file query37.txt (compact mmCIF, C-alpha atoms and all ligand atoms)
# COMPACT_ATOMS: atom_id res chain seq x y z
CA MET A 17 -20.95 56.12 15.67
CA ASN A 18 -20.34 58.96 13.30
CA PRO A 19 -23.44 59.18 11.03
CA GLN A 20 -21.17 59.67 8.03
CA GLN A 21 -19.43 56.34 8.60
CA THR A 22 -20.08 53.91 5.75
CA ASP A 23 -19.28 50.22 5.33
CA ASP A 24 -16.40 50.72 2.92
CA GLN A 25 -14.60 52.98 5.40
CA PRO A 26 -12.21 51.35 7.83
CA LEU A 27 -13.63 50.59 11.25
CA LEU A 28 -10.30 51.55 12.78
CA ASP A 29 -7.80 53.85 11.13
CA ILE A 30 -4.49 54.46 12.85
CA ALA A 31 -2.39 57.14 11.14
CA ASP A 32 1.19 58.13 11.99
CA LEU A 33 0.81 57.00 15.59
CA THR A 34 3.82 57.87 17.71
CA VAL A 35 4.02 56.80 21.36
CA SER A 36 6.82 57.66 23.76
CA TYR A 37 7.19 56.68 27.39
CA ARG A 38 8.84 59.15 29.74
CA ALA A 39 12.22 57.86 30.89
CA LYS A 40 12.88 57.50 34.64
CA GLY A 41 15.81 59.95 34.90
CA ARG A 42 14.72 63.58 34.34
CA ARG A 43 17.44 64.32 31.83
CA LYS A 44 16.91 61.20 29.77
CA PRO A 45 15.01 61.67 26.50
CA PRO A 46 11.60 59.93 26.25
CA ASN A 47 11.67 56.35 25.01
CA ARG A 48 9.92 56.26 21.62
CA VAL A 49 8.27 52.83 21.26
CA LEU A 50 6.01 53.47 18.26
CA ASP A 51 7.15 55.56 15.32
CA LYS A 52 4.51 56.82 12.87
CA VAL A 53 2.55 53.57 12.85
CA SER A 54 -0.30 53.44 10.32
CA LEU A 55 -2.83 50.56 10.18
CA THR A 56 -6.44 50.03 9.20
CA ILE A 57 -9.04 47.41 10.11
CA ARG A 58 -12.23 47.00 8.10
CA PRO A 59 -15.56 45.80 9.50
CA GLY A 60 -15.52 42.02 10.02
CA GLU A 61 -11.80 41.78 9.36
CA THR A 62 -8.94 40.41 11.44
CA LEU A 63 -5.67 42.29 11.26
CA GLY A 64 -2.85 40.20 12.70
CA LEU A 65 -0.06 42.18 14.32
CA VAL A 66 3.15 40.20 14.63
CA GLY A 67 6.62 41.02 15.90
CA GLU A 68 9.10 39.91 18.49
CA SER A 69 8.94 40.71 22.20
CA GLY A 70 9.33 44.44 22.91
CA SER A 71 8.56 45.52 19.33
CA GLY A 72 5.50 47.57 20.39
CA LYS A 73 2.54 45.26 19.64
CA THR A 74 0.84 45.65 23.01
CA THR A 75 1.47 49.40 22.95
CA ILE A 76 -0.58 49.67 19.73
CA GLY A 77 -3.45 47.78 21.39
CA ARG A 78 -3.14 49.94 24.52
CA ALA A 79 -3.17 53.14 22.47
CA VAL A 80 -6.40 52.01 20.78
CA LEU A 81 -7.87 51.38 24.26
CA GLY A 82 -6.69 54.79 25.53
CA LEU A 83 -4.02 53.32 27.80
CA ALA A 84 -0.79 54.54 26.17
CA PRO A 85 0.64 58.08 25.98
CA VAL A 86 -0.03 59.16 22.38
CA GLU A 87 2.55 61.76 21.36
CA SER A 88 1.23 62.39 17.86
CA GLY A 89 -0.87 60.83 15.12
CA THR A 90 -4.54 59.88 15.05
CA ILE A 91 -6.71 56.88 15.93
CA THR A 92 -10.09 57.04 14.22
CA PHE A 93 -12.77 54.56 15.26
CA GLN A 94 -16.06 54.42 13.35
CA GLY A 95 -15.21 57.81 11.86
CA ASP A 96 -14.45 59.55 15.17
CA PRO A 97 -11.05 60.55 16.56
CA ILE A 98 -10.43 58.67 19.84
CA GLU A 99 -6.72 59.11 20.53
CA HIS A 100 -7.42 61.65 23.28
CA ALA A 101 -10.94 60.53 24.24
CA THR A 102 -12.22 61.66 27.64
CA ARG A 103 -13.10 59.10 30.33
CA ARG A 104 -16.75 59.57 29.61
CA ARG A 105 -16.20 58.92 25.91
CA ARG A 106 -14.10 55.86 26.80
CA ARG A 107 -17.00 54.46 28.80
CA GLU A 108 -19.26 54.94 25.77
CA LEU A 109 -16.61 53.37 23.54
CA SER A 110 -16.39 50.25 25.70
CA ARG A 111 -19.68 49.17 24.16
CA ASP A 112 -18.01 48.83 20.76
CA LEU A 113 -14.37 48.34 21.69
CA GLN A 114 -13.29 45.46 23.92
CA VAL A 115 -10.15 43.55 24.83
CA ILE A 116 -9.06 39.99 25.58
CA PHE A 117 -5.77 39.76 27.46
CA GLN A 118 -3.11 37.08 27.34
CA ASP A 119 -3.39 35.71 30.83
CA PRO A 120 -6.76 34.23 31.77
CA TYR A 121 -5.44 33.72 35.32
CA THR A 122 -5.04 37.45 36.04
CA SER A 123 -7.58 39.03 33.70
CA LEU A 124 -10.62 37.77 35.63
CA ASN A 125 -11.53 39.09 39.07
CA PRO A 126 -10.92 36.04 41.32
CA SER A 127 -13.64 37.03 43.79
CA LEU A 128 -16.43 37.41 41.20
CA THR A 129 -18.44 34.43 40.01
CA VAL A 130 -18.48 33.88 36.26
CA GLY A 131 -22.11 35.07 36.26
CA ASP A 132 -21.16 38.37 37.94
CA THR A 133 -18.15 38.76 35.62
CA LEU A 134 -20.49 38.55 32.64
CA THR A 135 -23.30 40.73 34.01
CA GLU A 136 -20.93 43.53 35.11
CA PRO A 137 -20.32 45.09 31.66
CA LEU A 138 -24.00 44.70 30.74
CA ILE A 139 -25.16 46.52 33.88
CA ALA A 140 -22.48 49.21 33.40
CA GLN A 141 -23.98 49.88 29.96
CA GLY A 142 -27.50 50.35 31.33
CA HIS A 143 -29.07 46.86 31.26
CA THR A 144 -31.13 45.96 34.32
CA ALA A 145 -29.76 43.18 36.55
CA ARG A 146 -32.57 40.91 35.39
CA GLU A 147 -31.87 41.56 31.67
CA ALA A 148 -28.17 40.98 32.26
CA ARG A 149 -28.78 37.67 34.07
CA THR A 150 -30.92 36.34 31.24
CA LYS A 151 -28.15 37.09 28.76
CA VAL A 152 -25.56 35.14 30.76
CA GLY A 153 -26.97 31.73 29.84
CA ALA A 154 -26.81 32.52 26.12
CA LEU A 155 -23.28 33.90 26.44
CA LEU A 156 -22.07 30.76 28.22
CA GLU A 157 -23.67 28.58 25.59
CA ARG A 158 -21.95 30.59 22.86
CA VAL A 159 -18.52 29.91 24.33
CA ARG A 160 -19.51 26.31 25.13
CA LEU A 161 -19.42 26.49 28.90
CA PRO A 162 -22.09 24.73 30.94
CA ALA A 163 -24.94 26.86 32.33
CA ASP A 164 -23.92 26.06 35.92
CA ALA A 165 -20.58 27.84 35.27
CA ALA A 166 -22.38 31.09 36.17
CA GLY A 167 -22.34 30.25 39.89
CA ARG A 168 -18.67 29.26 40.04
CA LEU A 169 -15.45 31.21 40.65
CA PRO A 170 -12.62 31.53 38.07
CA ARG A 171 -10.30 29.31 40.14
CA GLU A 172 -12.61 26.37 39.48
CA PHE A 173 -11.80 26.50 35.75
CA SER A 174 -8.85 25.52 33.56
CA GLY A 175 -6.88 28.15 31.61
CA GLY A 176 -8.79 27.41 28.40
CA GLN A 177 -12.15 27.64 30.17
CA ARG A 178 -11.15 30.92 31.82
CA GLN A 179 -10.20 32.30 28.43
CA ARG A 180 -13.69 31.32 27.21
CA VAL A 181 -15.12 33.36 30.09
CA ALA A 182 -12.91 36.30 29.06
CA ILE A 183 -14.13 35.94 25.46
CA ALA A 184 -17.76 35.83 26.61
CA ARG A 185 -17.19 38.97 28.68
CA ALA A 186 -15.55 40.77 25.75
CA LEU A 187 -18.40 39.83 23.42
CA ALA A 188 -21.25 40.46 25.90
CA LEU A 189 -21.97 43.91 24.49
CA ARG A 190 -21.63 42.82 20.87
CA PRO A 191 -18.61 45.07 20.23
CA LYS A 192 -17.43 46.05 16.75
CA LEU A 193 -13.74 45.55 17.52
CA VAL A 194 -11.91 43.33 19.99
CA VAL A 195 -8.20 43.80 20.71
CA CYS A 196 -6.94 40.25 21.27
CA ASP A 197 -3.54 40.60 22.95
CA GLU A 198 -1.77 37.23 22.75
CA PRO A 199 -5.05 35.52 23.71
CA VAL A 200 -3.72 31.95 23.43
CA SER A 201 -0.06 32.30 24.41
CA ALA A 202 -0.68 31.05 27.94
CA LEU A 203 -2.52 27.91 26.75
CA ASP A 204 -1.30 24.48 25.67
CA LEU A 205 -1.35 23.71 21.93
CA THR A 206 -4.62 21.74 21.83
CA THR A 207 -6.46 24.33 23.91
CA GLN A 208 -4.98 27.09 21.73
CA ARG A 209 -6.59 25.56 18.68
CA THR A 210 -10.06 25.27 20.25
CA VAL A 211 -9.95 28.87 21.54
CA LEU A 212 -8.77 30.16 18.13
CA ASP A 213 -11.58 28.24 16.41
CA LEU A 214 -14.07 29.70 18.87
CA LEU A 215 -12.88 33.23 18.05
CA LEU A 216 -13.25 32.50 14.32
CA GLU A 217 -16.72 31.06 14.79
CA LEU A 218 -17.86 34.06 16.85
CA GLN A 219 -16.52 36.37 14.17
CA GLU A 220 -18.54 34.55 11.55
CA GLN A 221 -21.68 34.83 13.68
CA THR A 222 -21.33 38.46 14.76
CA GLY A 223 -19.12 40.19 12.17
CA VAL A 224 -16.80 41.46 14.89
CA SER A 225 -13.34 42.69 13.86
CA TYR A 226 -10.18 41.64 15.66
CA LEU A 227 -6.84 43.31 16.15
CA PHE A 228 -5.02 40.04 16.78
CA ILE A 229 -1.67 40.55 18.50
CA SER A 230 0.82 37.70 18.66
CA HIS A 231 4.50 36.88 18.39
CA ASP A 232 3.52 33.56 16.79
CA LEU A 233 3.41 33.88 13.00
CA PRO A 234 1.62 30.57 12.26
CA VAL A 235 -1.12 31.52 14.76
CA VAL A 236 -1.43 34.97 13.19
CA ARG A 237 -1.63 33.43 9.75
CA TYR A 238 -4.38 31.05 10.89
CA MET A 239 -6.47 33.88 12.30
CA SER A 240 -5.94 36.87 10.05
CA HIS A 241 -7.18 38.29 6.78
CA ARG A 242 -4.28 40.74 6.70
CA VAL A 243 -1.03 40.88 8.63
CA ALA A 244 1.14 43.78 9.76
CA VAL A 245 4.72 43.12 10.86
CA ILE A 246 6.26 45.40 13.49
CA HIS A 247 9.95 45.73 14.28
CA HIS A 248 11.35 48.19 16.85
CA GLY A 249 8.17 50.27 16.76
CA LEU A 250 8.02 50.52 12.97
CA ILE A 251 5.59 48.70 10.69
CA VAL A 252 7.90 47.06 8.16
CA GLU A 253 5.35 45.15 6.08
CA THR A 254 1.57 44.95 5.74
CA GLY A 255 -0.47 42.83 3.37
CA ASP A 256 -2.72 39.90 2.73
CA ALA A 257 -2.02 37.16 5.34
CA ASP A 258 -1.06 34.50 2.78
CA GLN A 259 1.15 36.84 0.83
CA VAL A 260 3.03 38.21 3.86
CA THR A 261 3.60 34.75 5.35
CA ALA A 262 4.29 32.80 2.13
CA ARG A 263 6.15 35.48 0.18
CA PRO A 264 7.43 37.99 2.74
CA GLU A 265 9.09 41.01 1.18
CA HIS A 266 10.90 42.52 4.14
CA PRO A 267 14.05 40.75 5.41
CA TYR A 268 12.77 40.99 8.99
CA THR A 269 9.55 39.15 8.07
CA ARG A 270 11.64 36.48 6.34
CA ASP A 271 13.66 36.07 9.56
CA LEU A 272 10.44 35.78 11.57
CA MET A 273 9.25 33.07 9.19
CA LEU A 274 12.52 31.20 9.51
CA ALA A 275 12.32 31.41 13.31
CA ALA A 276 8.76 30.01 13.46
CA PRO A 277 8.67 26.48 14.91
CA VAL A 278 7.68 23.69 12.50
CA ALA A 279 6.98 20.01 13.14
CA ASP A 280 8.85 18.73 10.06
CA VAL A 281 12.50 17.91 10.94
CA GLY A 282 13.73 18.43 7.34
CA GLU A 283 12.04 21.84 7.24
CA GLN A 284 13.59 22.69 10.62
CA ARG A 285 17.04 21.91 9.21
CA ARG A 286 16.40 23.92 6.04
CA ARG A 287 15.33 26.93 8.09
CA ARG A 288 18.27 26.61 10.48
CA GLU A 289 20.68 26.56 7.52
CA ALA A 290 18.97 29.56 5.93
CA ARG A 291 19.24 31.46 9.26
CA GLN A 292 22.94 30.59 9.57
CA ALA A 293 23.62 31.62 5.96
CA ARG A 294 21.87 34.95 6.52
CA ALA A 295 23.84 35.57 9.74
CA ALA A 296 27.10 34.75 7.93
CA ARG A 297 26.21 37.15 5.09
CA GLN A 298 25.40 39.91 7.58
CA GLU A 299 28.66 39.34 9.45
CA ALA A 300 30.69 39.43 6.21
CA GLN A 301 28.90 42.63 5.20
CA SER A 302 29.63 44.35 8.53
CA ARG A 303 33.31 43.30 8.30
CA GLN A 304 33.44 44.82 4.79
CA ASP A 305 31.75 48.02 6.07
CA ALA A 306 34.28 48.26 8.91
CA VAL A 307 37.21 47.94 6.46
CA ALA A 308 35.67 50.59 4.20
CA LEU A 309 35.56 53.15 7.06
CA PRO A 310 38.20 55.91 6.72
N1 LIG A 401 4.33 51.58 30.78
C1 LIG A 401 5.51 51.58 30.19
N2 LIG A 401 6.47 52.43 30.57
C2 LIG A 401 7.68 52.46 29.95
N3 LIG A 401 8.02 51.67 28.91
C3 LIG A 401 7.09 50.78 28.48
C4 LIG A 401 5.79 50.69 29.09
N4 LIG A 401 5.09 49.73 28.43
C5 LIG A 401 5.90 49.25 27.47
N5 LIG A 401 7.10 49.87 27.50
C6 LIG A 401 8.23 49.61 26.59
O1 LIG A 401 7.75 49.73 25.28
C7 LIG A 401 8.38 48.77 24.43
C8 LIG A 401 7.30 47.99 23.68
O2 LIG A 401 6.57 47.22 24.64
P1 LIG A 401 5.31 46.36 24.20
O3 LIG A 401 4.76 45.73 25.45
O4 LIG A 401 4.40 47.18 23.39
O5 LIG A 401 5.98 45.26 23.27
P2 LIG A 401 5.39 43.88 22.74
O6 LIG A 401 5.80 43.78 21.32
O7 LIG A 401 3.95 43.79 23.04
O8 LIG A 401 6.20 42.84 23.63
P3 LIG A 401 5.70 41.44 24.25
O9 LIG A 401 5.45 40.52 23.09
O10 LIG A 401 6.89 41.01 25.08
O11 LIG A 401 4.49 41.72 25.07
C9 LIG A 401 9.25 47.90 25.31
O12 LIG A 401 10.58 48.36 25.19
C10 LIG A 401 8.74 48.17 26.70
O13 LIG A 401 9.75 48.05 27.66
call {"tool": "encode", "arguments": {"input": "query37.txt", "output": "structure tokens", "more": "lines below"}}
Ligand SMILES: Nc1ncnc2c1ncn2[C@@H]1O[C@H](COP(=O)(O)OP(=O)(O)OP(=O)(O)O)[C@@H](O)[C@H]1O
result
Amino acid sequence: MNPQQTDDQPLLDIADLTVSYRAKGRRKPPNRVLDKVSLTIRPGETLGLVGESGSGKTTIGRAVLGLAPVESGTITFQGDPIEHATRRRRRELSRDLQVIFQDPYTSLNPSLTVGDTLTEPLIAQGHTAREARTKVGALLERVRLPADAAGRLPREFSGGQRQRVAIARALALRPKLVVCDEPVSALDLTTQRTVLDLLLELQEQTGVSYLFISHDLPVVRYMSHRVAVIHHGLIVETGDADQVTARPEHPYTRDLMLAAPVADVGEQRRRREARQARAARQEAQSRQDAVALP
């Protein structure tokens, strides 16, 4: 950590981040998927990142983890630039910067017991095997898995339990920031709620920050202090979670809100009508624009 880092500085500061993927054909221009994205996360805070499929959410998380081709812009973590960190620096960073992926079925090594899955990052960061093993029991307890889970393989667990293992692994080193990339999308609704509550509880206990990526606005609202909305690689709105979700300013955020599923049938109808009215207005506008063309 940079010695000049203080508590009122952001933990993570992304400024003007642009990411482009090289297109397959040689002559094709690169595909720009993030365009001057700027975001900050403070210590202990959850920033929810919401947007539809393909908008660039995962790419932001991958850029923070050093896994996306950064074309320009900066990513500052604990006061240090990390957008072009070396492998060695990345290994050091993994102590403070962790990730939880969407799919608990593919994110765990199927041939490692849960115990080995949890000791691996600890040993990689210099703990002895014995120290690491003694920490496993406490980690399992934290995520409410039985102590005998350590000797079992991932396939012996349900999706929700596997995601608890993934959470325990991410938190083993007491990181400062965890990128949670759609961490509950693969789970049924009841299990989603228990995993989300576990993440909240662990945040309260440890002060960890989350970059919480999801296409699901109600989930993002439940988890986040602040929310950023991304559309086609551009951040269109950022603000306090309640304000962005209850009084969205950008038309795209309003559309996202209207598209969010709700249990109340009357509310469903109201939203469907609002969506249809907006589509009709947009169609009328484009017809007018077409007539106005010379
Ligand atoms: N490795 C890659 N090479 C080329 N293009 C990529 C690569 N990864 C992502 N993309 C493209 O970048 C764009 C943004 O993808 P990204 O996965 O960040 O979106 P997303 O918002 O996370 O979507 P989803 O919710 O479906 O995961 C997409 O058009 C995608 O096809």
call {"tool": "closest_residue", "arguments": {"input": "query37.txt", "among": "A:Leu124, A:Val152, A:Ala31, A:Ala79", "to": "ligand LIG 401 (chain A)", "atoms": "all atoms listed in the file"}}
result
A:Ala79
call {"tool": "residues_near_ligand", "arguments": {"input": "query37.txt", "ligand": "ligand LIG 401 (chain A)", "cutoff": "12 Å", "atoms": "all atoms listed in the file", "output": "MDAnalysis selection string"}}
result
chainID A and resid 34:40 46:51 65:79 83:85 117:119 196:199 201 228:232 245:251
call {"tool": "closest_residue", "arguments": {"input": "query37.txt", "among": "A:Ala148, A:Leu274, A:Ile57, A:Ala163", "to": "A:Gln94", "atoms": "only C-alpha atoms"}}
result
A:Ile57
call {"tool": "residues_around", "arguments": {"input": "query37.txt", "residues": "A:Gln259", "least_positions_apart": "5", "cutoff": "12 Å", "atoms": "only C-alpha atoms", "output": "PDB file with C-alpha atoms, in the frame of the given file"}}
result
ATOM      1  CA  ARG A 237      -1.630  33.430   9.750  1.00  0.00           C
ATOM      2  CA  SER A 240      -5.940  36.870  10.050  1.00  0.00           C
ATOM      3  CA  HIS A 241      -7.180  38.290   6.780  1.00  0.00           C
ATOM      4  CA  ARG A 242      -4.280  40.740   6.700  1.00  0.00           C
ATOM      5  CA  VAL A 243      -1.030  40.880   8.630  1.00  0.00           C
ATOM      6  CA  ALA A 244       1.140  43.780   9.760  1.00  0.00           C
ATOM      7  CA  GLU A 253       5.350  45.150   6.080  1.00  0.00           C
ATOM      8  CA  THR A 254       1.570  44.950   5.740  1.00  0.00           C
ATOM      9  CA  PRO A 264       7.430  37.990   2.740  1.00  0.00           C
ATOM     10  CA  GLU A 265       9.090  41.010   1.180  1.00  0.00           C
ATOM     11  CA  HIS A 266      10.900  42.520   4.140  1.00  0.00           C
ATOM     12  CA  THR A 269       9.550  39.150   8.070  1.00  0.00           C
ATOM     13  CA  ARG A 270      11.640  36.480   6.340  1.00  0.00           C
TER      14      ARG A 270
END
call {"tool": "closest_residue", "arguments": {"input": "query37.txt", "among": "A:Leu113, A:Leu189, A:Val80, A:Val211", "to": "A:Leu138", "atoms": "only C-alpha atoms"}}
result
A:Leu189
call {"tool": "atom_distance", "arguments": {"input": "query37.txt", "atom1": "atom CA of A:Thr207", "atom2": "atom CA of A:Leu81"}}
result
27.1 Å
call {"tool": "closest_residue", "arguments": {"input": "query37.txt", "among": "A:Gln141, A:Val181, A:Pro45, A:Leu212", "to": "A:Pro234", "atoms": "all atoms listed in the file"}}
result
A:Leu212
call {"tool": "axis_aligned_box", "arguments": {"input": "query37.txt", "around": "stretch 35-45 of chain A", "padding_each_side": "5 Å", "output": "JSON"}}
result
{"center_x": 10.7, "center_y": 60.5, "center_z": 28.1, "size_x": 23.4, "size_y": 17.6, "size_z": 23.5}
call {"tool": "closest_residue", "arguments": {"input": "query37.txt", "among": "A:Ile183, A:Thr62, A:Leu227, A:Ile139", "to": "A:Ala257", "atoms": "all atoms listed in the file"}}
result
A:Thr62
call {"tool": "atom_distance", "arguments": {"input": "query37.txt", "atom1": "atom CA of A:Gln292", "atom2": "atom CA of A:Ala262"}}
result
20.2 Å
call {"tool": "atom_distance", "arguments": {"input": "query37.txt", "atom1": "atom CA of A:Ile30", "atom2": "atom CA of A:Ile116"}}
result
19.8 Å
call {"tool": "closest_residue", "arguments": {"input": "query37.txt", "among": "A:Gly223, A:Pro120, A:Pro97, A:Pro170", "to": "A:Pro191", "atoms": "all atoms listed in the file"}}
result
A:Gly223
